[in-house]
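A.B. asks: For reference, this is coords-v3.pdb, and it has PDB, C-alpha atoms and all ligand atoms.
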ATOM      1  CA  MET A  27       0.000   0.000   0.000  1.00  0.00           C
ATOM      2  CA  ASP A  28       1.375   3.430  -0.874  1.00  0.00           C
ATOM      3  CA  SER A  29       0.813   6.691   0.981  1.00  0.00           C
ATOM      4  CA  THR A  30      -2.529   7.288  -0.742  1.00  0.00           C
ATOM      5  CA  GLY A  31      -3.844   4.002   0.598  1.00  0.00           C
ATOM      6  CA  THR A  32      -3.819   2.413  -2.814  1.00  0.00           C
ATOM      7  CA  THR A  33      -2.835  -1.197  -3.188  1.00  0.00           C
ATOM      8  CA  THR A  34       0.340  -1.769  -5.164  1.00  0.00           C
ATOM      9  CA  ALA A  35      -0.230  -5.418  -6.051  1.00  0.00           C
ATOM     10  CA  SER A  36       1.339  -5.960  -9.453  1.00  0.00           C
ATOM     11  CA  TYR A  37      -1.852  -6.928 -11.275  1.00  0.00           C
ATOM     12  CA  VAL A  38      -3.816  -3.902 -10.047  1.00  0.00           C
ATOM     13  CA  ALA A  39      -3.782  -0.915 -12.363  1.00  0.00           C
ATOM     14  CA  GLN A  40      -4.447   2.550 -11.087  1.00  0.00           C
ATOM     15  CA  GLY A  41      -7.959   3.612 -12.059  1.00  0.00           C
ATOM     16  CA  GLY A  42      -8.850   6.974 -13.496  1.00  0.00           C
ATOM     17  CA  ASN A  43     -11.888   9.198 -13.229  1.00  0.00           C
ATOM     18  CA  ASP A  44     -14.292   7.155 -15.295  1.00  0.00           C
ATOM     19  CA  PRO A  45     -17.836   8.467 -14.610  1.00  0.00           C
ATOM     20  CA  ALA A  46     -19.460   5.185 -15.715  1.00  0.00           C
ATOM     21  CA  ALA A  47     -17.199   3.216 -13.370  1.00  0.00           C
ATOM     22  CA  ALA A  48     -17.915   5.620 -10.520  1.00  0.00           C
ATOM     23  CA  LYS A  49     -21.670   5.219 -11.096  1.00  0.00           C
ATOM     24  CA  HIS A  50     -21.594   1.418 -11.051  1.00  0.00           C
ATOM     25  CA  LEU A  51     -19.223   1.350  -8.063  1.00  0.00           C
ATOM     26  CA  ALA A  52     -21.557   3.683  -6.174  1.00  0.00           C
ATOM     27  CA  HIS A  53     -24.357   1.203  -6.836  1.00  0.00           C
ATOM     28  CA  ALA A  54     -22.212  -1.732  -5.673  1.00  0.00           C
ATOM     29  CA  ILE A  55     -21.370   0.163  -2.474  1.00  0.00           C
ATOM     30  CA  GLU A  56     -25.050   0.987  -1.923  1.00  0.00           C
ATOM     31  CA  ILE A  57     -26.229  -2.623  -2.195  1.00  0.00           C
ATOM     32  CA  ALA A  58     -23.267  -3.781  -0.062  1.00  0.00           C
ATOM     33  CA  THR A  59     -24.268  -1.379   2.707  1.00  0.00           C
ATOM     34  CA  GLU A  60     -27.914  -2.415   2.439  1.00  0.00           C
ATOM     35  CA  ASN A  61     -26.880  -6.081   2.561  1.00  0.00           C
ATOM     36  CA  VAL A  62     -25.360  -5.572   6.014  1.00  0.00           C
ATOM     37  CA  ARG A  63     -28.809  -4.549   7.279  1.00  0.00           C
ATOM     38  CA  ASN A  64     -30.176  -7.734   5.701  1.00  0.00           C
ATOM     39  CA  ALA A  65     -27.953 -10.280   7.489  1.00  0.00           C
ATOM     40  CA  GLY A  66     -25.333 -10.284   4.711  1.00  0.00           C
ATOM     41  CA  GLY A  67     -21.646  -9.417   4.535  1.00  0.00           C
ATOM     42  CA  PRO A  68     -20.517  -5.856   3.635  1.00  0.00           C
ATOM     43  CA  PHE A  69     -19.871  -6.639  -0.021  1.00  0.00           C
ATOM     44  CA  GLY A  70     -21.795  -5.969  -3.239  1.00  0.00           C
ATOM     45  CA  ALA A  71     -20.986  -6.344  -6.920  1.00  0.00           C
ATOM     46  CA  VAL A  72     -22.444  -5.499 -10.304  1.00  0.00           C
ATOM     47  CA  VAL A  73     -21.836  -7.141 -13.667  1.00  0.00           C
ATOM     48  CA  VAL A  74     -22.548  -4.984 -16.698  1.00  0.00           C
ATOM     49  CA  ALA A  75     -22.927  -7.321 -19.637  1.00  0.00           C
ATOM     50  CA  ALA A  76     -21.683  -6.566 -23.151  1.00  0.00           C
ATOM     51  CA  ASP A  77     -25.254  -5.581 -24.116  1.00  0.00           C
ATOM     52  CA  GLY A  78     -25.557  -3.195 -21.149  1.00  0.00           C
ATOM     53  CA  GLN A  79     -27.767  -5.382 -18.938  1.00  0.00           C
ATOM     54  CA  VAL A  80     -26.926  -5.027 -15.245  1.00  0.00           C
ATOM     55  CA  PHE A  81     -26.819  -7.927 -12.774  1.00  0.00           C
ATOM     56  CA  GLU A  82     -26.270  -7.584  -9.035  1.00  0.00           C
ATOM     57  CA  GLY A  83     -24.623  -9.881  -6.508  1.00  0.00           C
ATOM     58  CA  LEU A  84     -24.394  -9.822  -2.727  1.00  0.00           C
ATOM     59  CA  ASN A  85     -22.278 -11.557  -0.128  1.00  0.00           C
ATOM     60  CA  ARG A  86     -24.496 -14.232   1.443  1.00  0.00           C
ATOM     61  CA  VAL A  87     -21.846 -16.474   3.005  1.00  0.00           C
ATOM     62  CA  THR A  88     -23.328 -16.623   6.487  1.00  0.00           C
ATOM     63  CA  ALA A  89     -26.938 -16.178   5.389  1.00  0.00           C
ATOM     64  CA  ASP A  90     -26.795 -19.091   2.910  1.00  0.00           C
ATOM     65  CA  LEU A  91     -24.106 -21.164   4.671  1.00  0.00           C
ATOM     66  CA  ASP A  92     -22.101 -20.923   1.438  1.00  0.00           C
ATOM     67  CA  PRO A  93     -18.387 -20.025   1.615  1.00  0.00           C
ATOM     68  CA  SER A  94     -18.426 -19.318  -2.124  1.00  0.00           C
ATOM     69  CA  ALA A  95     -21.319 -16.832  -1.951  1.00  0.00           C
ATOM     70  CA  HIS A  96     -19.097 -13.780  -2.380  1.00  0.00           C
ATOM     71  CA  ALA A  97     -20.689 -10.760  -4.065  1.00  0.00           C
ATOM     72  CA  GLU A  98     -18.631 -11.090  -7.244  1.00  0.00           C
ATOM     73  CA  VAL A  99     -19.344 -14.814  -7.643  1.00  0.00           C
ATOM     74  CA  SER A 100     -23.047 -14.159  -6.981  1.00  0.00           C
ATOM     75  CA  ALA A 101     -23.141 -11.366  -9.589  1.00  0.00           C
ATOM     76  CA  ILE A 102     -21.429 -13.630 -12.133  1.00  0.00           C
ATOM     77  CA  ARG A 103     -23.872 -16.470 -11.392  1.00  0.00           C
ATOM     78  CA  ASN A 104     -26.832 -14.091 -11.775  1.00  0.00           C
ATOM     79  CA  ALA A 105     -25.467 -12.663 -15.028  1.00  0.00           C
ATOM     80  CA  CYS A 106     -24.849 -16.125 -16.484  1.00  0.00           C
ATOM     81  CA  LYS A 107     -28.324 -17.341 -15.490  1.00  0.00           C
ATOM     82  CA  GLY A 108     -29.947 -14.157 -16.782  1.00  0.00           C
ATOM     83  CA  LEU A 109     -28.115 -14.259 -20.095  1.00  0.00           C
ATOM     84  CA  GLY A 110     -28.189 -18.030 -20.522  1.00  0.00           C
ATOM     85  CA  THR A 111     -24.433 -18.383 -20.967  1.00  0.00           C
ATOM     86  CA  PHE A 112     -21.267 -19.365 -19.094  1.00  0.00           C
ATOM     87  CA  ASP A 113     -19.176 -16.866 -21.100  1.00  0.00           C
ATOM     88  CA  LEU A 114     -19.337 -13.210 -20.049  1.00  0.00           C
ATOM     89  CA  SER A 115     -16.902 -11.903 -22.664  1.00  0.00           C
ATOM     90  CA  GLY A 116     -17.365  -8.159 -23.039  1.00  0.00           C
ATOM     91  CA  ALA A 117     -18.731  -7.779 -19.499  1.00  0.00           C
ATOM     92  CA  VAL A 118     -17.272  -5.575 -16.768  1.00  0.00           C
ATOM     93  CA  LEU A 119     -17.358  -6.388 -13.056  1.00  0.00           C
ATOM     94  CA  TYR A 120     -17.716  -3.579 -10.530  1.00  0.00           C
ATOM     95  CA  THR A 121     -17.255  -4.558  -6.903  1.00  0.00           C
ATOM     96  CA  SER A 122     -17.415  -2.682  -3.620  1.00  0.00           C
ATOM     97  CA  CYS A 123     -14.103  -4.231  -2.516  1.00  0.00           C
ATOM     98  CA  GLU A 124     -10.969  -5.669  -4.115  1.00  0.00           C
ATOM     99  CA  PRO A 125     -11.760  -9.224  -5.250  1.00  0.00           C
ATOM    100  CA  CYS A 126     -10.267 -12.126  -3.327  1.00  0.00           C
ATOM    101  CA  PRO A 127      -8.365 -14.854  -5.249  1.00  0.00           C
ATOM    102  CA  MET A 128     -11.556 -16.941  -5.627  1.00  0.00           C
ATOM    103  CA  CYS A 129     -13.463 -14.035  -7.180  1.00  0.00           C
ATOM    104  CA  LEU A 130     -10.552 -13.138  -9.461  1.00  0.00           C
ATOM    105  CA  ALA A 131     -10.362 -16.748 -10.640  1.00  0.00           C
ATOM    106  CA  THR A 132     -14.136 -16.882 -11.167  1.00  0.00           C
ATOM    107  CA  SER A 133     -13.907 -13.671 -13.221  1.00  0.00           C
ATOM    108  CA  LEU A 134     -11.174 -15.226 -15.342  1.00  0.00           C
ATOM    109  CA  TRP A 135     -13.211 -18.389 -15.922  1.00  0.00           C
ATOM    110  CA  ALA A 136     -16.227 -16.221 -16.827  1.00  0.00           C
ATOM    111  CA  ARG A 137     -14.031 -14.326 -19.342  1.00  0.00           C
ATOM    112  CA  ILE A 138     -14.902 -10.987 -17.743  1.00  0.00           C
ATOM    113  CA  ASP A 139     -13.143  -8.186 -19.678  1.00  0.00           C
ATOM    114  CA  ARG A 140     -12.255  -5.897 -16.815  1.00  0.00           C
ATOM    115  CA  VAL A 141     -12.682  -5.440 -13.055  1.00  0.00           C
ATOM    116  CA  TYR A 142     -13.094  -2.231 -11.054  1.00  0.00           C
ATOM    117  CA  PHE A 143     -13.147  -2.100  -7.272  1.00  0.00           C
ATOM    118  CA  ALA A 144     -13.768   0.605  -4.657  1.00  0.00           C
ATOM    119  CA  ALA A 145     -12.291  -0.324  -1.256  1.00  0.00           C
ATOM    120  CA  ASN A 146      -9.004  -2.225  -1.308  1.00  0.00           C
ATOM    121  CA  ARG A 147      -7.844  -5.322   0.592  1.00  0.00           C
ATOM    122  CA  TYR A 148      -6.380  -3.163   3.374  1.00  0.00           C
ATOM    123  CA  ASP A 149      -9.704  -1.409   3.951  1.00  0.00           C
ATOM    124  CA  ALA A 150     -11.273  -4.884   4.196  1.00  0.00           C
ATOM    125  CA  ALA A 151      -8.595  -6.053   6.646  1.00  0.00           C
ATOM    126  CA  ASP A 152      -9.355  -3.033   8.837  1.00  0.00           C
ATOM    127  CA  ALA A 153     -12.945  -4.310   9.055  1.00  0.00           C
ATOM    128  CA  GLY A 154     -11.826  -7.840   9.975  1.00  0.00           C
ATOM    129  CA  PHE A 155     -11.831  -9.382   6.483  1.00  0.00           C
ATOM    130  CA  ASP A 156      -8.182 -10.218   6.057  1.00  0.00           C
ATOM    131  CA  ASP A 157      -7.494 -12.498   3.121  1.00  0.00           C
ATOM    132  CA  ALA A 158      -3.762 -11.631   3.014  1.00  0.00           C
ATOM    133  CA  VAL A 159      -3.012 -15.222   3.968  1.00  0.00           C
ATOM    134  CA  PHE A 160      -4.868 -16.405   0.836  1.00  0.00           C
ATOM    135  CA  TYR A 161      -3.021 -13.944  -1.398  1.00  0.00           C
ATOM    136  CA  ARG A 162       0.277 -15.206   0.034  1.00  0.00           C
ATOM    137  CA  TYR A 163      -0.836 -18.779  -0.594  1.00  0.00           C
ATOM    138  CA  PHE A 164      -1.495 -18.102  -4.274  1.00  0.00           C
ATOM    139  CA  GLU A 165       1.449 -15.792  -4.765  1.00  0.00           C
ATOM    140  CA  GLY A 166       3.776 -18.603  -3.657  1.00  0.00           C
ATOM    141  CA  GLU A 167       5.020 -16.880  -0.511  1.00  0.00           C
ATOM    142  CA  ASP A 168       3.672 -19.777   1.536  1.00  0.00           C
ATOM    143  CA  SER A 169       5.572 -22.237  -0.673  1.00  0.00           C
ATOM    144  CA  ASP A 170       4.955 -25.159   1.691  1.00  0.00           C
ATOM    145  CA  ARG A 171       1.228 -24.409   1.607  1.00  0.00           C
ATOM    146  CA  THR A 172       1.139 -24.903   5.338  1.00  0.00           C
ATOM    147  CA  ILE A 173      -2.409 -23.645   5.830  1.00  0.00           C
ATOM    148  CA  MET A 174      -3.811 -26.246   3.412  1.00  0.00           C
ATOM    149  CA  PRO A 175      -1.472 -28.858   1.949  1.00  0.00           C
ATOM    150  CA  VAL A 176      -2.308 -29.980  -1.582  1.00  0.00           C
ATOM    151  CA  ALA A 177      -0.784 -33.175  -2.963  1.00  0.00           C
ATOM    152  CA  GLN A 178      -1.107 -35.385  -6.010  1.00  0.00           C
ATOM    153  CA  GLU A 179      -1.646 -38.986  -4.968  1.00  0.00           C
ATOM    154  CA  THR A 180      -0.027 -41.722  -7.078  1.00  0.00           C
ATOM    155  CA  LEU A 181      -2.643 -43.725  -8.998  1.00  0.00           C
ATOM    156  CA  PRO A 182      -2.452 -45.863 -12.150  1.00  0.00           C
ATOM    157  CA  PRO A 183      -2.288 -43.428 -15.130  1.00  0.00           C
ATOM    158  CA  ALA A 184      -5.361 -44.853 -16.895  1.00  0.00           C
ATOM    159  CA  GLN A 185      -7.419 -44.418 -13.741  1.00  0.00           C
ATOM    160  CA  ARG A 186      -6.025 -40.927 -13.165  1.00  0.00           C
ATOM    161  CA  VAL A 187      -7.032 -39.631 -16.580  1.00  0.00           C
ATOM    162  CA  ALA A 188     -10.276 -41.629 -16.972  1.00  0.00           C
ATOM    163  CA  PRO A 189     -12.545 -38.536 -16.850  1.00  0.00           C
ATOM    164  CA  PHE A 190     -10.441 -36.838 -19.551  1.00  0.00           C
ATOM    165  CA  THR A 191     -10.508 -39.966 -21.688  1.00  0.00           C
ATOM    166  CA  GLU A 192     -14.300 -39.951 -21.438  1.00  0.00           C
ATOM    167  CA  TRP A 193     -14.381 -36.212 -22.219  1.00  0.00           C
ATOM    168  CA  THR A 194     -12.119 -36.239 -25.269  1.00  0.00           C
ATOM    169  CA  THR A 195     -14.039 -39.109 -26.856  1.00  0.00           C
ATOM    170  CA  LEU A 196     -17.449 -37.465 -26.294  1.00  0.00           C
ATOM    171  CA  SER A 197     -18.515 -35.899 -29.577  1.00  0.00           C
ATOM    172  CA  THR A 198     -21.360 -33.907 -27.995  1.00  0.00           C
ATOM    173  CA  ARG A 199     -19.194 -32.086 -25.461  1.00  0.00           C
ATOM    174  CA  THR A 200     -19.479 -28.318 -24.952  1.00  0.00           C
ATOM    175  CA  GLU A 201     -15.993 -26.796 -24.929  1.00  0.00           C
ATOM    176  CA  TYR A 202     -15.260 -24.054 -22.448  1.00  0.00           C
TER
HETATM  177 ZN    ZN B 301     -14.260 -13.182  -3.114  1.00  0.00          ZN
END
Represent the structure contained in this file as structure tokens.

C.D. replies:
Amino acid sequence: MDSTGTTTASYVAQGGNDPAAAKHLAHAIEIATENVRNAGGPFGAVVVAADGQVFEGLNRVTADLDPSAHAEVSAIRNACKGLGTFDLSGAVLYTSCEPCPMCLATSLWARIDRVYFAANRYDAADAGFDDAVFYRYFEGEDSDRTIMPVAQETLPPAQRVAPFTEWTTLSTRTEY
């Protein structure tokens, strides 16, 4: 974080004064604040699809007993359901707070074009939402992956790749 309170993570570009971005971020902040009064977490997100349609998402982790119910993931799920697609190419994600690694990965899988956020990870940490340990995990600083070891178990190769064998021989598969 620099002296202006802006994150300096390498993948985060400095935003400008984009009025459209400011408008959508204001909306994300509004629904995030409202969500707190409705038993949700203090996070909200908006997906603006390529055709201009707007889809909202809220953090409902504790309300829905769903660790993956982050605002950004919820907005992406709502956009995909609403548009009838799993590919959000051309869409922009606006979120009230810097996306965690899960939400960044979900945005990548959804082929989101661009992400804007309002509060940064340090603002979130100040409020008790510190995912620095997850960032370190993915950025390789916790190289031993001590908080959650991940290991490939040795199995016979044919067994190991059986789902892929099934997939590559299926002529009706939908590529993604
Ligand atoms: Zn997240």

A.B. asks: For the provided coordinates, the residues matched by the PyMOL selection byres (((chain A and resi 93-108) around 8) and not hetatm) should be stated as a PyMOL selection string.

C.D. replies: chain A and resi 69-73+75+80-88+90-92+109-114+119+121+125+129+132-133+136

A.B. asks: Just the selected residues (C-alpha atoms), exported as an mmCIF file, in the frame of the given file, please.

C.D. replies:
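To be explicit, this is the file written out as again-v3.cif:
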data_model
loop_
_atom_site.group_PDB
_atom_site.id
_atom_site.type_symbol
_atom_site.label_atom_id
_atom_site.label_comp_id
_atom_site.auth_asym_id
_atom_site.auth_seq_id
_atom_site.Cartn_x
_atom_site.Cartn_y
_atom_site.Cartn_z
ATOM 1 C CA PHE A 69 -19.871 -6.639 -0.021
ATOM 2 C CA GLY A 70 -21.795 -5.969 -3.239
ATOM 3 C CA ALA A 71 -20.986 -6.344 -6.920
ATOM 4 C CA VAL A 72 -22.444 -5.499 -10.304
ATOM 5 C CA VAL A 73 -21.836 -7.141 -13.667
ATOM 6 C CA ALA A 75 -22.927 -7.321 -19.637
ATOM 7 C CA VAL A 80 -26.926 -5.027 -15.245
ATOM 8 C CA PHE A 81 -26.819 -7.927 -12.774
ATOM 9 C CA GLU A 82 -26.270 -7.584 -9.035
ATOM 10 C CA GLY A 83 -24.623 -9.881 -6.508
ATOM 11 C CA LEU A 84 -24.394 -9.822 -2.727
ATOM 12 C CA ASN A 85 -22.278 -11.557 -0.128
ATOM 13 C CA ARG A 86 -24.496 -14.232 1.443
ATOM 14 C CA VAL A 87 -21.846 -16.474 3.005
ATOM 15 C CA THR A 88 -23.328 -16.623 6.487
ATOM 16 C CA ASP A 90 -26.795 -19.091 2.910
ATOM 17 C CA LEU A 91 -24.106 -21.164 4.671
ATOM 18 C CA ASP A 92 -22.101 -20.923 1.438
ATOM 19 C CA LEU A 109 -28.115 -14.259 -20.095
ATOM 20 C CA GLY A 110 -28.189 -18.030 -20.522
ATOM 21 C CA THR A 111 -24.433 -18.383 -20.967
ATOM 22 C CA PHE A 112 -21.267 -19.365 -19.094
ATOM 23 C CA ASP A 113 -19.176 -16.866 -21.100
ATOM 24 C CA LEU A 114 -19.337 -13.210 -20.049
ATOM 25 C CA LEU A 119 -17.358 -6.388 -13.056
ATOM 26 C CA THR A 121 -17.255 -4.558 -6.903
ATOM 27 C CA PRO A 125 -11.760 -9.224 -5.250
ATOM 28 C CA CYS A 129 -13.463 -14.035 -7.180
ATOM 29 C CA THR A 132 -14.136 -16.882 -11.167
ATOM 30 C CA SER A 133 -13.907 -13.671 -13.221
ATOM 31 C CA ALA A 136 -16.227 -16.221 -16.827
#

A.B. asks: Could you jot down the atom CA of Ala76 of chain A to atom CA of Ser115 of chain A separation for me, Å, one decimal place?

C.D. replies: 7.2 Å

A.B. asks: Could you work out an axis-aligned box for segment 171-182 of chain A, taking every atom the file lists and adding 8 Å on each side, and report centre and edge lengths in Å to one decimal, as JSON?

C.D. replies:
{"center_x": -1.3, "center_y": -34.8, "center_z": -3.2, "size_x": 21.0, "size_y": 38.2, "size_z": 34.0}

A.B. asks: Which residues, named as in the file, does the PyMOL selection byres (((chain A and resi 144) around 8) and not hetatm) pick out? Answer as JSON, numbers by chain.

C.D. replies: {"A": [51, 55, 121, 122, 123, 124, 142, 143, 145, 146]}

A.B. asks: List the spatial neighbours of Gly116 of chain A as a list in words - criterion: any atom at most 10 Å away, all atoms listed in the file, same-chain residues fewer than 3 positions off excluded.

C.D. replies: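 Answer for this query is Val74, Ala75, Ala76, Asp77, Gly78, Asp113, Arg137, Ile138, Asp139 and Arg140 of chain A.
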
A.B. asks: Which residues are near Arg147 of chain A? Cut-off 9 Å, all atoms listed in the file, ignore same chain within fewer than 5 positions. Put them as a ChimeraX atom specification.

C.D. replies: /A:33,123-126,152,155-158

A.B. asks: Restricting it to C-alpha atoms, dump the selection as a short mmCIF file (atom, residue, chain, number, x, y, z; two decimals), in the coordinates of the input.

C.D. replies:
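New file out_30.cif:
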data_model
loop_
_atom_site.label_atom_id
_atom_site.label_comp_id
_atom_site.auth_asym_id
_atom_site.auth_seq_id
_atom_site.Cartn_x
_atom_site.Cartn_y
_atom_site.Cartn_z
CA THR A 33 -2.84 -1.20 -3.19
CA CYS A 123 -14.10 -4.23 -2.52
CA GLU A 124 -10.97 -5.67 -4.12
CA PRO A 125 -11.76 -9.22 -5.25
CA CYS A 126 -10.27 -12.13 -3.33
CA ASP A 152 -9.36 -3.03 8.84
CA PHE A 155 -11.83 -9.38 6.48
CA ASP A 156 -8.18 -10.22 6.06
CA ASP A 157 -7.49 -12.50 3.12
CA ALA A 158 -3.76 -11.63 3.01
#

A.B. asks: Just give me the gap between atom CA of Tyr148 of chain A and atom CA of Phe160 of chain A in Å, one decimal is fine.

C.D. replies: 13.6 Å

A.B. asks: Which residue, A:Ala131, A:Ala89, A:Ala58, A:Ala184, has the smallest gap to ligand ZN 301 (chain B) when you use all atoms listed in the file?

C.D. replies: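 Of all the options, A:Ala131 lies closest to ligand ZN 301 (chain B).
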
A.B. asks: Please determine, counting only C-alpha atoms and all ligand atoms, which residue among A:Pro68, A:Gly42, A:Pro189, A:Pro175 has the shortest atom-to-atom distance to ligand ZN 301 (chain B).

C.D. replies: A:Pro68

A.B. asks: Hey, which of A:Gln185, A:Thr180, A:Pro127, A:Arg199 ends up closest to ligand ZN 301 (chain B)? Count only C-alpha atoms and all ligand atoms.

C.D. replies: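 Nearest candidate to ligand ZN 301 (chain B) out of A:Gln185, A:Thr180, A:Pro127, A:Arg199: A:Pro127.
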
A.B. asks: Have a look at A:Asp149, A:Tyr161, A:Arg63, A:Ala188 and name the one nearest to ligand ZN 301 (chain B); count all atoms listed in the file.

C.D. replies: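 Closest candidate: A:Tyr161.
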
A.B. asks: From the set A:Ala65, A:Met128, A:Ala48, A:Ala117, which residue has the shortest atom-to-atom contact distance to ligand ZN 301 (chain B), counting all atoms listed in the file?

C.D. replies: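 With all atoms listed in the file as the atom set, the closest residue is A:Met128.
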
A.B. asks: Can you work out the spacing between atom CA of Val141 of chain A and atom CA of Tyr120 of chain A in Å, to one decimal?

C.D. replies: 5.9 Å

A.B. asks: Choose the residue, out of A:Ala150, A:Val187, A:Val176, A:Val118, that has the smallest atom-to-atom separation from ligand ZN 301 (chain B); count all atoms listed in the file.

C.D. replies: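 For ligand ZN 301 (chain B), the nearest of the given residues is A:Ala150.
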